[in-house]
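Worksheet for the structure shown next.
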Amino acid sequence: MKGLVIRPLIMLLVVSAMFLSSAAIPAMAQSDTQDQVATTVSDPEANLPYLFAVYAVTWVAFFAYLYYLSQRQQSLRRELEELREALVERDR
Amino acid sequence: MATSMIIKKGLFVITGAMMLVILYLIFIWVPTEKNLGVSQRIFYFHVPIAWVGFLAFSFVLVGSVGYLWKRTSGWDRLAYSAAELGVLFTTLMLITGILWAKPVWGVWWTWDPRLTTSLILWLIYVAYLMLRAYSPKGDQGARYAAVLGIAGFIDVPLVYMSIVWWRTVHPQALIGPAATGELDPSMRLLLMISTLTFTLLFAYLLVDRVSLRRNEEEVEVLRGLIEPLR
């Protein structure tokens, strides 16, 4: 009974904290950000390494994720076959 | 061949071809922006990736509401798969944003409202995946995650509207109802094509991830049937 009351209370607290932080942190942060950053680019060509880094990171991440999906799919199919065979063996 | 397999292969071929086309358009066709230089070309990946992140979290919302309403595993499968993809795309959004900020703002990171709310969004859905990993299997874990999936979505409009509601150094919105940013017509066209391409990539990955999740669940069920005998 105690757990039934405490659990929703904890969840309510976590969710409230989440909402408050979502709204309050940016509001507190906004005051000093504009003084800190510059928005001019003196030599545009000097930024090529950053451009290269963006495209490299994005492609590597997508290929790595696709590779993970295909490897996991293969291993699951193998496991499924083994489990089905084991079930057939059990029923004999 | 099953219909889902045909859809998956079709999406893969179309997305792959469109990726090559947008790379040509980004590096050869579109003009260089005069103020930001070549670093502006980061936008053609950064903005669509951010959009797809939001789209993925809307699927988490739909899947979570559907699960709490119907209690069928299909909805939960959709929510879980979309959350994983949302985290992938949001991670890339943060990384590409950081790599754009350094040459343009002179800092890797600043506690700007847009950046801060985006980081919070990423943390919320990383927490969602951790909850899925450590909570009990079955209905109880799925229910906890569905509540977090719905509550966490509140941050999506906050991220989008942060550049309107708070003072920020982040460029204005280029896509959606709050879009006010000025853009050359060829750049706008390319941004739209790139957004469409990334949306197709998301569709392909979602179909693939949902089918993987189905197999994971089937393995769990079969293991449950066999384990008591071992």
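We label chains A, B, ... in the order they appear in the structure tokens, count residues from 1 in each chain, and number ligands from 1 in the order shown.
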
According to DSSP computed on the backbone, where in segment 118-176 of chain B is there helix (DSSP H, G or I)? Give the residues as a CSV table (one decimal) with N, CA and C atoms, in the first residue's frame.
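Okay, out19.csv is ready:
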chain,number,residue,atom,x,y,z
B,118,SER,N,17.6,21.4,-26.2
B,118,SER,CA,17.9,20.3,-27.1
B,118,SER,C,18.7,19.2,-26.3
B,119,LEU,N,19.6,19.7,-25.4
B,119,LEU,CA,20.4,18.8,-24.6
B,119,LEU,C,19.4,18.0,-23.6
B,120,ILE,N,18.5,18.8,-23.1
B,120,ILE,CA,17.5,18.2,-22.1
B,120,ILE,C,16.6,17.2,-22.9
B,121,LEU,N,16.3,17.5,-24.1
B,121,LEU,CA,15.5,16.5,-24.9
B,121,LEU,C,16.2,15.2,-25.1
B,122,TRP,N,17.5,15.3,-25.4
B,122,TRP,CA,18.4,14.2,-25.6
B,122,TRP,C,18.5,13.4,-24.3
B,123,LEU,N,18.6,14.1,-23.2
B,123,LEU,CA,18.8,13.4,-21.9
B,123,LEU,C,17.5,12.6,-21.5
B,124,ILE,N,16.3,13.3,-21.8
B,124,ILE,CA,15.0,12.6,-21.5
B,124,ILE,C,14.9,11.3,-22.2
B,125,TYR,N,15.2,11.3,-23.5
B,125,TYR,CA,15.0,10.0,-24.3
B,125,TYR,C,16.2,9.0,-24.1
B,126,VAL,N,17.3,9.5,-23.6
B,126,VAL,CA,18.4,8.5,-23.2
B,126,VAL,C,17.8,7.9,-21.9
B,127,ALA,N,17.2,8.7,-21.0
B,127,ALA,CA,16.6,8.1,-19.8
B,127,ALA,C,15.5,7.1,-20.2
B,128,TYR,N,14.7,7.4,-21.2
B,128,TYR,CA,13.7,6.5,-21.7
B,128,TYR,C,14.3,5.1,-22.1
B,129,LEU,N,15.4,5.2,-22.8
B,129,LEU,CA,16.1,3.9,-23.2
B,129,LEU,C,16.7,3.2,-22.0
B,130,MET,N,17.2,3.9,-21.1
B,130,MET,CA,17.7,3.3,-19.9
B,130,MET,C,16.6,2.7,-19.1
B,131,LEU,N,15.4,3.3,-19.0
B,131,LEU,CA,14.3,2.8,-18.3
B,131,LEU,C,13.9,1.5,-19.0
B,132,ARG,N,13.9,1.4,-20.3
B,132,ARG,CA,13.5,0.2,-21.0
B,132,ARG,C,14.5,-0.9,-20.7
B,133,ALA,N,15.8,-0.5,-20.6
B,133,ALA,CA,16.8,-1.5,-20.3
B,133,ALA,C,16.8,-2.1,-18.9
B,134,TYR,N,16.4,-1.3,-17.9
B,134,TYR,CA,16.5,-1.7,-16.6
B,134,TYR,C,15.2,-2.0,-15.9
B,139,ASP,N,4.5,-5.9,-19.6
B,139,ASP,CA,3.6,-4.8,-19.5
B,139,ASP,C,4.0,-3.6,-18.6
B,140,GLN,N,4.6,-4.0,-17.4
B,140,GLN,CA,5.0,-3.0,-16.4
B,140,GLN,C,6.0,-2.0,-16.9
B,141,GLY,N,7.1,-2.6,-17.5
B,141,GLY,CA,8.2,-1.7,-18.1
B,141,GLY,C,7.6,-0.9,-19.2
B,142,ALA,N,6.8,-1.5,-20.1
B,142,ALA,CA,6.2,-0.7,-21.2
B,142,ALA,C,5.3,0.4,-20.7
B,143,ARG,N,4.6,0.2,-19.6
B,143,ARG,CA,3.7,1.3,-19.1
B,143,ARG,C,4.5,2.4,-18.6
B,144,TYR,N,5.6,2.1,-17.8
B,144,TYR,CA,6.5,3.2,-17.2
B,144,TYR,C,7.0,4.0,-18.4
B,145,ALA,N,7.5,3.3,-19.4
B,145,ALA,CA,8.2,3.9,-20.5
B,145,ALA,C,7.2,4.8,-21.3
B,146,ALA,N,6.0,4.3,-21.4
B,146,ALA,CA,4.9,5.1,-22.2
B,146,ALA,C,4.7,6.4,-21.5
B,147,VAL,N,4.6,6.4,-20.1
B,147,VAL,CA,4.4,7.6,-19.4
B,147,VAL,C,5.5,8.6,-19.6
B,148,LEU,N,6.8,8.1,-19.6
B,148,LEU,CA,7.9,9.0,-19.8
B,148,LEU,C,7.9,9.4,-21.3
B,149,GLY,N,7.6,8.5,-22.2
B,149,GLY,CA,7.5,8.9,-23.6
B,149,GLY,C,6.6,10.0,-23.9
B,150,ILE,N,5.4,10.0,-23.2
B,150,ILE,CA,4.4,11.1,-23.4
B,150,ILE,C,4.9,12.4,-22.7
B,151,ALA,N,5.3,12.3,-21.4
B,151,ALA,CA,5.8,13.4,-20.7
B,151,ALA,C,7.0,14.1,-21.4
B,152,GLY,N,7.9,13.3,-21.8
B,152,GLY,CA,9.1,13.8,-22.5
B,152,GLY,C,8.8,14.6,-23.7
B,155,ASP,N,8.9,18.6,-24.2
B,155,ASP,CA,10.2,19.3,-24.5
B,155,ASP,C,10.3,19.6,-26.0
B,156,VAL,N,9.6,18.9,-26.9
B,156,VAL,CA,9.8,19.1,-28.3
B,156,VAL,C,9.3,20.4,-28.8
B,157,PRO,N,8.1,20.8,-28.4
B,157,PRO,CA,7.7,22.2,-28.8
B,157,PRO,C,8.5,23.3,-28.1
B,158,LEU,N,9.0,22.9,-26.9
B,158,LEU,CA,9.9,23.9,-26.2
B,158,LEU,C,11.1,24.2,-26.9
B,159,VAL,N,11.7,23.1,-27.5
B,159,VAL,CA,13.0,23.2,-28.3
B,159,VAL,C,12.7,24.1,-29.5
B,160,TYR,N,11.6,23.7,-30.2
B,160,TYR,CA,11.3,24.4,-31.4
B,160,TYR,C,11.0,25.9,-31.2
B,161,MET,N,10.2,26.2,-30.1
B,161,MET,CA,9.8,27.6,-29.8
B,161,MET,C,10.8,28.4,-29.0
B,162,SER,N,11.9,27.7,-28.6
B,162,SER,CA,12.8,28.4,-27.7
B,162,SER,C,13.4,29.7,-28.4
B,163,ILE,N,13.6,29.6,-29.7
B,163,ILE,CA,14.2,30.8,-30.4
B,163,ILE,C,13.2,31.9,-30.6
B,164,VAL,N,11.9,31.6,-30.3
B,164,VAL,CA,10.9,32.7,-30.4
B,164,VAL,C,10.6,33.3,-29.0
B,165,TRP,N,10.5,32.4,-28.0
B,165,TRP,CA,10.2,32.7,-26.6
B,165,TRP,C,11.3,33.4,-25.8

Proximal residues of chain B relative to chain A (only C-alpha atoms; 7 Å) as JSON, numbers by chain: {"B": [35, 36, 37, 38, 39, 42, 92, 96, 99, 103, 104, 105, 106, 107, 110, 111, 112, 113, 116, 117, 120, 151, 155, 166, 167, 168, 169, 212, 215, 216, 219, 222, 226]}

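Straight-line separation from atom CA of Glu89 of chain A to atom CA of Glu220 of chain B: 18.6 Å.
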
Two-atom distance - atom CA of Thr195 of chain B, atom CA of Glu33 of chain B (Å):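 One can read the atom CA of Thr195 of chain B to atom CA of Glu33 of chain B distance as 19.1 Å.
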